[in-house]
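The structure under discussion appears below in the form of structure tokens.
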Amino acid sequence: MRKFNWKAAIAGALAGLVNGLFGAGGGMVLVPLMERNKLLKPREIFASAIAVMLPISAVSFLIYYLRGSVDFTAALPYLLGGAAGGLLGGLLYRKIPTKLLHRALGLFILWGGIRCFL
């Protein structure tokens, strides 16, 4: 049995906090933190981050919903498009070099950061 990994639990808590505060971005925090752990291969890190983000996003959604902050009518087109994009991304995932995935993630983080400041 593996020893409990407190650093991983703290990284997950940080990803959940970011996701809960901003409605997104937990995965962008989680991937670099998981890379520092060096227990997984790069492709496993991206896939595992998504697996971690699903329950984190579900908890954030539940809190938003219970507080009356969810507009299903406005969210539906994004949900449908997001599901299609997630399917396409999952199918293309093995065909894209890991180095390109890292660079793309870095560009998304950079773009999001710039948008926050402007």
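Order determines the names: the first chain of the structure tokens is A, the second B, and so forth; residues in each chain are numbered 1 upward, and ligands are numbered 1 upward as they are shown.
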
Please give the complete set of residues from stretch 8-109 of chain A that DSSP, run on the backbone, assigns to alpha helix (DSSP H), formatted as a compact mmCIF listing (two decimals) with N, CA, C and O atoms, in the first residue's frame.
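Output file out_10.txt follows:
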```
# COMPACT_ATOMS: atom_id res chain seq x y z
N ALA A 8 0.16 15.72 -3.20
CA ALA A 8 -0.86 15.51 -4.22
C ALA A 8 -2.22 15.99 -3.73
O ALA A 8 -2.99 16.61 -4.47
N ALA A 9 -2.52 15.73 -2.46
CA ALA A 9 -3.80 16.18 -1.89
C ALA A 9 -3.87 17.71 -1.86
O ALA A 9 -4.92 18.30 -2.15
N ILE A 10 -2.78 18.35 -1.54
CA ILE A 10 -2.74 19.82 -1.52
C ILE A 10 -2.87 20.36 -2.94
O ILE A 10 -3.58 21.35 -3.17
N ALA A 11 -2.21 19.71 -3.91
CA ALA A 11 -2.35 20.13 -5.31
C ALA A 11 -3.80 19.99 -5.76
O ALA A 11 -4.33 20.88 -6.44
N GLY A 12 -4.46 18.91 -5.38
CA GLY A 12 -5.87 18.73 -5.72
C GLY A 12 -6.74 19.79 -5.07
O GLY A 12 -7.68 20.31 -5.70
N ALA A 13 -6.44 20.13 -3.82
CA ALA A 13 -7.20 21.17 -3.13
C ALA A 13 -7.01 22.52 -3.82
O ALA A 13 -7.97 23.28 -3.97
N LEU A 14 -5.79 22.80 -4.25
CA LEU A 14 -5.53 24.05 -4.96
C LEU A 14 -6.29 24.09 -6.29
O LEU A 14 -6.90 25.11 -6.63
N ALA A 15 -6.29 22.97 -7.01
CA ALA A 15 -7.05 22.90 -8.27
C ALA A 15 -8.54 23.10 -8.02
O ALA A 15 -9.22 23.81 -8.76
N GLY A 16 -9.05 22.48 -6.96
CA GLY A 16 -10.46 22.65 -6.62
C GLY A 16 -10.79 24.08 -6.23
O GLY A 16 -11.83 24.62 -6.61
N LEU A 17 -9.89 24.72 -5.48
CA LEU A 17 -10.10 26.12 -5.09
C LEU A 17 -10.15 27.02 -6.31
O LEU A 17 -11.05 27.85 -6.44
N VAL A 18 -9.18 26.85 -7.22
CA VAL A 18 -9.15 27.66 -8.43
C VAL A 18 -10.41 27.42 -9.25
O VAL A 18 -11.04 28.36 -9.74
N ASN A 19 -10.79 26.16 -9.40
CA ASN A 19 -11.99 25.83 -10.17
C ASN A 19 -13.24 26.41 -9.53
O ASN A 19 -14.12 26.94 -10.22
N GLY A 20 -13.33 26.33 -8.21
CA GLY A 20 -14.49 26.86 -7.51
C GLY A 20 -14.58 28.38 -7.57
O GLY A 20 -15.65 28.94 -7.70
N LEU A 21 -13.44 29.04 -7.47
CA LEU A 21 -13.43 30.51 -7.49
C LEU A 21 -13.71 31.08 -8.88
O LEU A 21 -14.42 32.06 -9.03
N PHE A 22 -13.10 30.46 -9.89
CA PHE A 22 -13.14 31.04 -11.23
C PHE A 22 -14.03 30.28 -12.20
O PHE A 22 -14.21 30.70 -13.34
N GLY A 26 -8.83 24.86 -12.98
CA GLY A 26 -8.23 23.90 -12.07
C GLY A 26 -7.25 22.96 -12.76
O GLY A 26 -6.21 22.63 -12.22
N GLY A 27 -7.59 22.54 -13.97
CA GLY A 27 -6.71 21.66 -14.72
C GLY A 27 -5.41 22.33 -15.11
O GLY A 27 -4.35 21.69 -15.14
N MET A 28 -5.48 23.63 -15.38
CA MET A 28 -4.25 24.36 -15.72
C MET A 28 -3.31 24.45 -14.54
O MET A 28 -2.10 24.53 -14.70
N VAL A 29 -3.86 24.42 -13.35
CA VAL A 29 -3.04 24.41 -12.14
C VAL A 29 -2.56 22.98 -11.86
O VAL A 29 -1.40 22.78 -11.49
N LEU A 30 -3.42 22.03 -12.09
CA LEU A 30 -3.14 20.64 -11.74
C LEU A 30 -2.05 20.01 -12.59
O LEU A 30 -1.19 19.30 -12.06
N VAL A 31 -2.05 20.24 -13.90
CA VAL A 31 -1.07 19.59 -14.77
C VAL A 31 0.36 19.92 -14.36
O VAL A 31 1.17 19.01 -14.15
N PRO A 32 0.73 21.20 -14.19
CA PRO A 32 2.11 21.47 -13.77
C PRO A 32 2.44 20.89 -12.39
O PRO A 32 3.56 20.43 -12.16
N LEU A 33 1.48 20.89 -11.48
CA LEU A 33 1.73 20.32 -10.16
C LEU A 33 1.90 18.81 -10.23
O LEU A 33 2.74 18.24 -9.51
N MET A 34 1.15 18.14 -11.09
CA MET A 34 1.30 16.70 -11.25
C MET A 34 2.64 16.36 -11.92
O MET A 34 3.23 15.32 -11.62
N GLU A 35 3.10 17.23 -12.79
CA GLU A 35 4.39 17.00 -13.43
C GLU A 35 5.53 17.02 -12.41
O GLU A 35 6.48 16.27 -12.54
N ARG A 36 5.42 17.86 -11.41
CA ARG A 36 6.47 17.95 -10.39
C ARG A 36 6.57 16.66 -9.58
O ARG A 36 7.62 16.33 -9.07
N ASN A 37 5.46 15.94 -9.47
CA ASN A 37 5.42 14.70 -8.71
C ASN A 37 6.23 13.59 -9.38
O ASN A 37 6.76 12.72 -8.72
N PRO A 42 3.98 11.83 -19.13
CA PRO A 42 3.27 13.04 -19.57
C PRO A 42 1.85 12.79 -20.07
O PRO A 42 0.94 13.52 -19.71
N ARG A 43 1.63 11.78 -20.88
CA ARG A 43 0.27 11.51 -21.37
C ARG A 43 -0.66 11.11 -20.23
O ARG A 43 -1.84 11.45 -20.24
N GLU A 44 -0.14 10.38 -19.27
CA GLU A 44 -0.95 9.98 -18.12
C GLU A 44 -1.32 11.19 -17.27
O GLU A 44 -2.39 11.21 -16.66
N ILE A 45 -0.45 12.19 -17.23
CA ILE A 45 -0.73 13.39 -16.45
C ILE A 45 -1.93 14.13 -17.01
O ILE A 45 -2.85 14.50 -16.27
N PHE A 46 -1.96 14.34 -18.33
CA PHE A 46 -3.09 15.05 -18.95
C PHE A 46 -4.39 14.28 -18.72
O PHE A 46 -5.41 14.87 -18.32
N ALA A 47 -4.36 12.96 -18.94
CA ALA A 47 -5.57 12.15 -18.75
C ALA A 47 -5.99 12.11 -17.29
O ALA A 47 -7.18 12.21 -16.98
N SER A 48 -5.04 11.99 -16.39
CA SER A 48 -5.36 11.94 -14.96
C SER A 48 -5.90 13.27 -14.46
O SER A 48 -6.80 13.31 -13.61
N ALA A 49 -5.37 14.37 -14.99
CA ALA A 49 -5.87 15.69 -14.60
C ALA A 49 -7.34 15.83 -14.98
O ALA A 49 -8.14 16.38 -14.21
N ILE A 50 -7.71 15.32 -16.14
CA ILE A 50 -9.11 15.37 -16.55
C ILE A 50 -9.96 14.52 -15.62
O ILE A 50 -11.06 14.92 -15.21
N ALA A 51 -9.45 13.34 -15.25
CA ALA A 51 -10.18 12.47 -14.33
C ALA A 51 -10.38 13.13 -12.97
O ALA A 51 -11.43 12.97 -12.34
N VAL A 52 -9.40 13.90 -12.53
CA VAL A 52 -9.51 14.61 -11.25
C VAL A 52 -10.48 15.79 -11.38
O VAL A 52 -11.27 16.07 -10.47
N MET A 53 -10.47 16.45 -12.53
CA MET A 53 -11.29 17.64 -12.71
C MET A 53 -12.79 17.33 -12.78
O MET A 53 -13.61 18.17 -12.44
N LEU A 54 -13.14 16.13 -13.23
CA LEU A 54 -14.56 15.79 -13.33
C LEU A 54 -15.27 15.90 -11.98
O LEU A 54 -16.24 16.65 -11.86
N PRO A 55 -14.81 15.22 -10.92
CA PRO A 55 -15.51 15.39 -9.64
C PRO A 55 -15.36 16.79 -9.05
O PRO A 55 -16.28 17.29 -8.40
N ILE A 56 -14.20 17.42 -9.28
CA ILE A 56 -14.02 18.79 -8.78
C ILE A 56 -15.04 19.71 -9.44
O ILE A 56 -15.68 20.53 -8.77
N SER A 57 -15.20 19.57 -10.74
CA SER A 57 -16.17 20.39 -11.48
C SER A 57 -17.60 20.08 -11.04
O SER A 57 -18.44 20.98 -10.94
N ALA A 58 -17.88 18.80 -10.77
CA ALA A 58 -19.22 18.42 -10.31
C ALA A 58 -19.54 19.07 -8.96
O ALA A 58 -20.65 19.58 -8.77
N VAL A 59 -18.58 19.10 -8.07
CA VAL A 59 -18.79 19.74 -6.76
C VAL A 59 -18.99 21.24 -6.94
O VAL A 59 -19.92 21.83 -6.36
N SER A 60 -18.16 21.87 -7.77
CA SER A 60 -18.31 23.31 -8.02
C SER A 60 -19.68 23.60 -8.64
O SER A 60 -20.36 24.55 -8.23
N PHE A 61 -20.08 22.77 -9.61
CA PHE A 61 -21.39 22.95 -10.23
C PHE A 61 -22.50 22.85 -9.19
O PHE A 61 -23.42 23.67 -9.18
N LEU A 62 -22.43 21.86 -8.33
CA LEU A 62 -23.47 21.67 -7.31
C LEU A 62 -23.59 22.90 -6.42
O LEU A 62 -24.70 23.37 -6.14
N ILE A 63 -22.47 23.44 -6.00
CA ILE A 63 -22.50 24.64 -5.16
C ILE A 63 -23.11 25.82 -5.92
O ILE A 63 -23.98 26.53 -5.40
N TYR A 64 -22.67 26.02 -7.17
CA TYR A 64 -23.24 27.11 -7.99
C TYR A 64 -24.74 26.90 -8.18
O TYR A 64 -25.53 27.84 -8.08
N TYR A 65 -25.15 25.67 -8.46
CA TYR A 65 -26.56 25.37 -8.69
C TYR A 65 -27.39 25.63 -7.44
O TYR A 65 -28.45 26.26 -7.51
N LEU A 66 -26.92 25.17 -6.29
CA LEU A 66 -27.66 25.36 -5.05
C LEU A 66 -27.78 26.83 -4.67
O LEU A 66 -28.72 27.21 -3.97
N PHE A 72 -29.26 27.25 -17.18
CA PHE A 72 -29.15 26.12 -18.09
C PHE A 72 -29.38 26.52 -19.55
O PHE A 72 -28.75 25.98 -20.44
N THR A 73 -30.27 27.48 -19.78
CA THR A 73 -30.55 27.91 -21.14
C THR A 73 -29.31 28.51 -21.79
O THR A 73 -29.00 28.21 -22.94
N ALA A 74 -28.61 29.34 -21.05
CA ALA A 74 -27.39 29.95 -21.59
C ALA A 74 -26.25 28.93 -21.68
O ALA A 74 -25.42 29.01 -22.58
N ALA A 75 -26.22 27.98 -20.77
CA ALA A 75 -25.11 27.02 -20.72
C ALA A 75 -25.24 25.89 -21.73
O ALA A 75 -24.23 25.31 -22.14
N LEU A 76 -26.46 25.57 -22.17
CA LEU A 76 -26.68 24.41 -23.03
C LEU A 76 -25.84 24.41 -24.31
O LEU A 76 -25.20 23.39 -24.61
N PRO A 77 -25.79 25.49 -25.09
CA PRO A 77 -24.95 25.43 -26.30
C PRO A 77 -23.47 25.19 -25.99
O PRO A 77 -22.79 24.47 -26.73
N TYR A 78 -22.98 25.74 -24.90
CA TYR A 78 -21.59 25.51 -24.51
C TYR A 78 -21.38 24.06 -24.08
O TYR A 78 -20.33 23.46 -24.36
N LEU A 79 -22.37 23.50 -23.39
CA LEU A 79 -22.30 22.11 -22.96
C LEU A 79 -22.25 21.18 -24.17
O LEU A 79 -21.42 20.26 -24.23
N LEU A 80 -23.11 21.41 -25.14
CA LEU A 80 -23.13 20.57 -26.34
C LEU A 80 -21.82 20.71 -27.13
O LEU A 80 -21.23 19.71 -27.54
N GLY A 81 -21.38 21.93 -27.32
CA GLY A 81 -20.11 22.16 -28.02
C GLY A 81 -18.93 21.59 -27.24
O GLY A 81 -18.01 21.00 -27.81
N GLY A 82 -18.97 21.75 -25.93
CA GLY A 82 -17.90 21.22 -25.08
C GLY A 82 -17.84 19.70 -25.13
O GLY A 82 -16.75 19.11 -25.16
N ALA A 83 -19.01 19.06 -25.15
CA ALA A 83 -19.04 17.60 -25.25
C ALA A 83 -18.46 17.14 -26.59
O ALA A 83 -17.66 16.19 -26.64
N ALA A 84 -18.81 17.83 -27.67
CA ALA A 84 -18.27 17.49 -28.99
C ALA A 84 -16.76 17.73 -29.02
O ALA A 84 -16.00 16.90 -29.53
N GLY A 85 -16.32 18.84 -28.46
CA GLY A 85 -14.89 19.14 -28.42
C GLY A 85 -14.13 18.15 -27.55
O GLY A 85 -13.02 17.74 -27.89
N GLY A 86 -14.72 17.75 -26.44
CA GLY A 86 -14.10 16.75 -25.57
C GLY A 86 -13.95 15.40 -26.26
O GLY A 86 -12.93 14.73 -26.14
N LEU A 87 -14.97 15.02 -27.01
CA LEU A 87 -14.91 13.78 -27.78
C LEU A 87 -13.81 13.86 -28.83
O LEU A 87 -12.97 12.95 -28.94
N LEU A 88 -13.77 14.95 -29.57
CA LEU A 88 -12.75 15.13 -30.60
C LEU A 88 -11.34 15.16 -29.98
O LEU A 88 -10.42 14.51 -30.46
N GLY A 89 -11.18 15.90 -28.88
CA GLY A 89 -9.90 15.97 -28.20
C GLY A 89 -9.44 14.61 -27.70
O GLY A 89 -8.27 14.25 -27.80
N GLY A 90 -10.38 13.84 -27.15
CA GLY A 90 -10.05 12.49 -26.68
C GLY A 90 -9.61 11.58 -27.81
O GLY A 90 -8.71 10.76 -27.65
N LEU A 91 -10.25 11.73 -28.97
CA LEU A 91 -9.88 10.90 -30.12
C LEU A 91 -8.53 11.32 -30.71
O LEU A 91 -7.77 10.48 -31.18
N LEU A 92 -8.22 12.61 -30.67
CA LEU A 92 -6.96 13.12 -31.23
C LEU A 92 -5.79 13.02 -30.26
O LEU A 92 -4.64 13.14 -30.67
N THR A 98 3.35 14.86 -27.26
CA THR A 98 3.25 15.39 -25.90
C THR A 98 3.85 16.79 -25.80
O THR A 98 3.30 17.65 -25.11
N LYS A 99 4.95 17.02 -26.49
CA LYS A 99 5.58 18.33 -26.46
C LYS A 99 4.63 19.41 -26.98
O LYS A 99 4.55 20.51 -26.42
N LEU A 100 3.86 19.10 -28.02
CA LEU A 100 2.89 20.04 -28.56
C LEU A 100 1.75 20.28 -27.57
O LEU A 100 1.28 21.41 -27.41
N LEU A 101 1.32 19.22 -26.87
CA LEU A 101 0.29 19.38 -25.85
C LEU A 101 0.76 20.32 -24.74
O LEU A 101 0.00 21.20 -24.29
N HIS A 102 2.01 20.16 -24.31
CA HIS A 102 2.55 21.04 -23.27
C HIS A 102 2.60 22.49 -23.76
O HIS A 102 2.25 23.41 -23.01
N ARG A 103 3.05 22.68 -24.97
CA ARG A 103 3.13 24.05 -25.50
C ARG A 103 1.74 24.67 -25.66
O ARG A 103 1.55 25.85 -25.36
N ALA A 104 0.79 23.88 -26.13
CA ALA A 104 -0.57 24.38 -26.28
C ALA A 104 -1.15 24.77 -24.92
O ALA A 104 -1.78 25.83 -24.77
N LEU A 105 -0.92 23.93 -23.91
CA LEU A 105 -1.40 24.26 -22.57
C LEU A 105 -0.75 25.54 -22.07
O LEU A 105 -1.42 26.42 -21.52
N GLY A 106 0.56 25.67 -22.29
CA GLY A 106 1.26 26.89 -21.89
C GLY A 106 0.69 28.12 -22.57
O GLY A 106 0.53 29.17 -21.95
N LEU A 107 0.37 28.01 -23.86
CA LEU A 107 -0.22 29.14 -24.59
C LEU A 107 -1.60 29.50 -24.05
O LEU A 107 -1.93 30.67 -23.93
N PHE A 108 -2.39 28.47 -23.72
CA PHE A 108 -3.72 28.74 -23.13
C PHE A 108 -3.59 29.44 -21.78
O PHE A 108 -4.34 30.37 -21.47
N ILE A 109 -2.65 29.00 -20.97
CA ILE A 109 -2.43 29.65 -19.68
C ILE A 109 -1.99 31.09 -19.88
O ILE A 109 -2.49 32.01 -19.23
```

One decimal, in Å: what's the spacing between atom CA of A:Asp71 and atom CA of A:Gly23?
13.6 Å

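Of note, atom CA of A:Arg67 and atom CA of A:Gly25 are spaced 20.8 Å apart.
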
Atom CA of A:Val70 to atom CA of A:Cys116, distance in Å rounded to a single decimal:
22.4 Å
